[in-house]
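The structure under discussion appears below in the form of structure tokens.
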There are 2 protein chains.
Amino acid sequence: MGTLKYAILGLLYQKNMTGYELTKAFASVLLESWRAKHSQIYPELKQLTQAGLVEYEIAISGTVLEKKVYTITETGKSELLDWISTPHMLAPMPKEEFRLQLFFSSVLSTQQRISLLQNQLTQRQQRLADLRLSGQKFTPIPPKNDAAFCDYLVWLGGVMREENACAWLEECIRLCQNHKPEQ
Amino acid sequence: MGTLKYAILGLLYQKNMTGYELTKAFASVLLESWRAKHSQIYPELKQLTQAGLVEYEIAISGTVLEKKVYTITETGKSELLDWISTPHMLAPMPKEEFRLQLFFSSVLSTQQRISLLQNQLTQRQQRLADLRLSGQKFTPIPPKNDAAFCDYLVWLGGVMREENACAWLEECIRLCQNHKPEQ
DNA sequence: CTACTCATGTAAATAGTTACATGATTTG
DNA sequence: CAAATCATGTAACTATTTACATGAGTAG
């Protein structure tokens, strides 16, 4: 797909950054959208530089340590804007280990299945709590001309997704319990 | 993660199958849980055979065409049951190209952003309709001792996820439209 | 006899994770 | 001065996708 490319270009469009800062950005602002480790980011930056979509200049931290501060070029901006304004195909259903496990769980006892569901629910609830905490910065909701408005929409999607996942797990547990014990 | 391995073992636990039939199963019953192409399945079957988790025998279709019908071994069953009964870590947030696009869409006009959201909504609604259609077999809801009960839970999760995705997109569109045009 | 489905593989490329490797700077 | 963080890379491996390659069986 080449999505990593646009994730990096998009971040550099907002602000000049080093590879290290980009890595941090993936782990914070892009947590809801895309992930990448530094071992993927540094080689990608090299390629983007060769392709002329980004440039860098060397800055010095302290007295010796060099860092490369990357800037998006005009060509880079143009490719990015093209990508942002084009509608894309819906991603295929996300792979989920737990759904697979549940799908095969007819070999387990109802008690074991409920225990798996309960474990998953606890993990989801924790994630939801973390997400809600990270969204406190959105009070009040940013106005729609503000750049933070888009951040808010993405954050809202994450919260809604996790709430829905919890609701599904609760419903599964309820069905496992209530749904007449024996014919 | 090695999830593909358990997906295959789980399917073979339910029924002996060829690589071709496994491929079809990924595209139908496992659509909501995991995906794999035949080019990944055939090599994996080779490895599983070498590891002694599955076996096959040759069957003949028509007069010449050979097919390999795979069976899960006792070792395979034991590994599968271990995996099914162990709780696993929640998968990291799913990567979604559209969320990334929306995140960066502050460079677009409100009209352009709404148009992207609308496009995504249409695709989601289509997927939801397809899913609902594929779930007609679950009327009435299978009893919880039935093997189909787990299928139903997974299907329900898919429907709820897509409904929620639609609700989020509708809310985004609403916010883009209503949320005071100018300060 | 043509088109579609059944059937099984390999090759090449891209994407992504984990581990290896190194060294400077800052904070307590 | 020790530990955490800043900073940049490569190597090896695993996972996944797309394309290449072939041929039999079936239904209209």
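Labeling convention for the structure tokens: chains A, B, ... as they appear, residues from 1 per chain, ligands from 1 in order of appearance.
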
Where does chain A meet chain D within 9 Å, residue by residue, with the nearest atom pair and distance in Å to one decimal for each, counting only C-alpha atoms (C1' of nucleotides), listed by chain and rising number, as a Markdown table?
| residue | atom | partner | partner_atom | distance |
| --- | --- | --- | --- | --- |
| A:Thr18 | CA | D:DA7 | C1' | 8.9 |
| A:Gly19 | CA | D:DT8 | C1' | 8.1 |
| A:Tyr20 | CA | D:DA7 | C1' | 6.6 |
| A:Ser39 | CA | D:DG9 | C1' | 8.1 |
| A:Tyr42 | CA | D:DG9 | C1' | 7.4 |
| A:Pro43 | CA | D:DG9 | C1' | 8.7 |
| A:Leu65 | CA | D:DA7 | C1' | 7.6 |
| A:Glu66 | CA | D:DA7 | C1' | 7.7 |
| A:Lys67 | CA | D:DA7 | C1' | 6.6 |

Requested in this report: Output as a PyMOL selection string all residues of stretch 16-144 of chain A that backbone DSSP marks as helix (DSSP H, G or I).
Outcome: chain A and resi 19-27+38-50+74-85+97-103+105-107+110-134+136-138

Query raised in the report: Can you list, as a ChimeraX atom specification, every protein, DNA or RNA residue that comes within 8 Å of B:Glu97 when you count only C-alpha atoms (C1' of nucleotides), leaving out same-chain residues fewer than 6 positions away?
Result: /A:3,33-34,91

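For chain A, the residues close to chain C, meaning within 10 Å and counting only C-alpha atoms (C1' of nucleotides), are Met1, Gly2, Leu4, Arg35, Ala36, Lys37, Ser39, Gln40, Ser61, Gly62, Thr63, Val64, Leu65 and Glu66 of chain A.
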
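What separates atom CA of A:Thr23 from atom CA of B:Leu108 is a distance of 25.4 Å.
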
B:Leu53 environment, 6 Å, only C-alpha atoms (C1' of nucleotides), sequence neighbours closer than 6 positions dropped, as a PDB file with N, CA and C atoms, in the first residue's frame:
ATOM      1  N   THR B  73      -3.254 -34.219  13.410  1.00  0.00           N
ATOM      2  CA  THR B  73      -2.765 -35.350  14.221  1.00  0.00           C
ATOM      3  C   THR B  73      -3.097 -35.113  15.691  1.00  0.00           C
ATOM      4  N   THR B  75      -0.922 -34.791  18.100  1.00  0.00           N
ATOM      5  CA  THR B  75      -0.029 -33.706  18.527  1.00  0.00           C
ATOM      6  C   THR B  75      -0.613 -32.351  18.126  1.00  0.00           C
ATOM      7  N   GLY B  76      -1.117 -32.297  16.898  1.00  0.00           N
ATOM      8  CA  GLY B  76      -1.729 -31.069  16.407  1.00  0.00           C
ATOM      9  C   GLY B  76      -2.910 -30.653  17.257  1.00  0.00           C
TER      10      GLY B  76
END

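Take atom CA of B:Leu156 and atom CA of B:Ala27: the distance between them is 17.7 Å.
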
Report task. Please provide as a VMD selection string all residues within 9 Å of B:Arg99, with the sequence filter that same-chain residues fewer than 5 positions apart are discarded (counting only C-alpha atoms (C1' of nucleotides)). Result -> (chain A and resid 32 to 34 153 to 154 157) or (chain B and resid 104)

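Excluding stretch 162-177 of chain B itself and same-chain residues fewer than 2 positions from it, the residues having an atom within 7 Å of it are Lys144, Leu153, Gly157, Arg161 and Asn164 of chain A; Thr110, Ile114, Leu117, Leu121, Arg124, Gln125, Leu128, Gly158, Val159, Met160 and His179 of chain B, counting only C-alpha atoms (C1' of nucleotides).
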
Could you save the residues just selected, with C-alpha atoms, as an mmCIF file, in the first residue's frame?
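Heads up, here's the output in part.cif:
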data_model
loop_
_atom_site.group_PDB
_atom_site.id
_atom_site.type_symbol
_atom_site.label_atom_id
_atom_site.label_comp_id
_atom_site.auth_asym_id
_atom_site.auth_seq_id
_atom_site.Cartn_x
_atom_site.Cartn_y
_atom_site.Cartn_z
ATOM 1 C CA LYS A 144 -14.009 22.586 13.047
ATOM 2 C CA LEU A 153 -12.564 12.952 15.202
ATOM 3 C CA GLY A 157 -13.505 6.901 16.586
ATOM 4 C CA ARG A 161 -14.596 1.408 18.703
ATOM 5 C CA ASN A 164 -18.418 -1.102 21.042
ATOM 6 C CA THR B 110 -14.824 21.074 5.071
ATOM 7 C CA ILE B 114 -17.304 15.542 4.275
ATOM 8 C CA LEU B 117 -16.359 10.701 5.106
ATOM 9 C CA LEU B 121 -19.700 5.614 4.976
ATOM 10 C CA ARG B 124 -19.089 0.617 5.314
ATOM 11 C CA GLN B 125 -22.838 0.427 4.716
ATOM 12 C CA LEU B 128 -22.679 -4.120 6.733
ATOM 13 C CA GLY B 158 -18.624 -8.082 12.938
ATOM 14 C CA VAL B 159 -22.073 -6.596 12.569
ATOM 15 C CA MET B 160 -21.672 -4.515 15.717
ATOM 16 C CA HIS B 179 -20.308 22.570 14.548
#

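When DSSP is run on the backbone, the residues of stretch 7-177 of chain B that fall into strand (DSSP E) are Val54, Glu55, Tyr56, Glu57, Ile58, Ala59, Ile60, Ser61, Leu65, Glu66, Lys67, Lys68, Val69, Tyr70, Thr71 and Ile72 of chain B.
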
**Report entry** Polymer residues at most 12 Å from B:Glu79, only C-alpha atoms (C1' of nucleotides), same-chain spacing of 2 or more positions, as a list in words
**Finding:** Lys5, Tyr6, Ala7, Leu9, Gly10, Tyr13, Leu48, Ala51, Gly52, Leu53, Val54, Ile72, Thr73, Glu74, Thr75, Gly76, Lys77, Leu81, Asp82, Trp83, Ile84, Ser85 and Thr86 of chain B

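Checking B:Asn178, B:Gln118, B:Gln101, B:Ser109 one by one against chain A, counting only C-alpha atoms, you find the shortest gap at B:Gln101.
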
Query raised in the report: atom CA of A:Lys24 and atom CA of A:Thr71, how far apart in Å?
Result: 16.7 Å
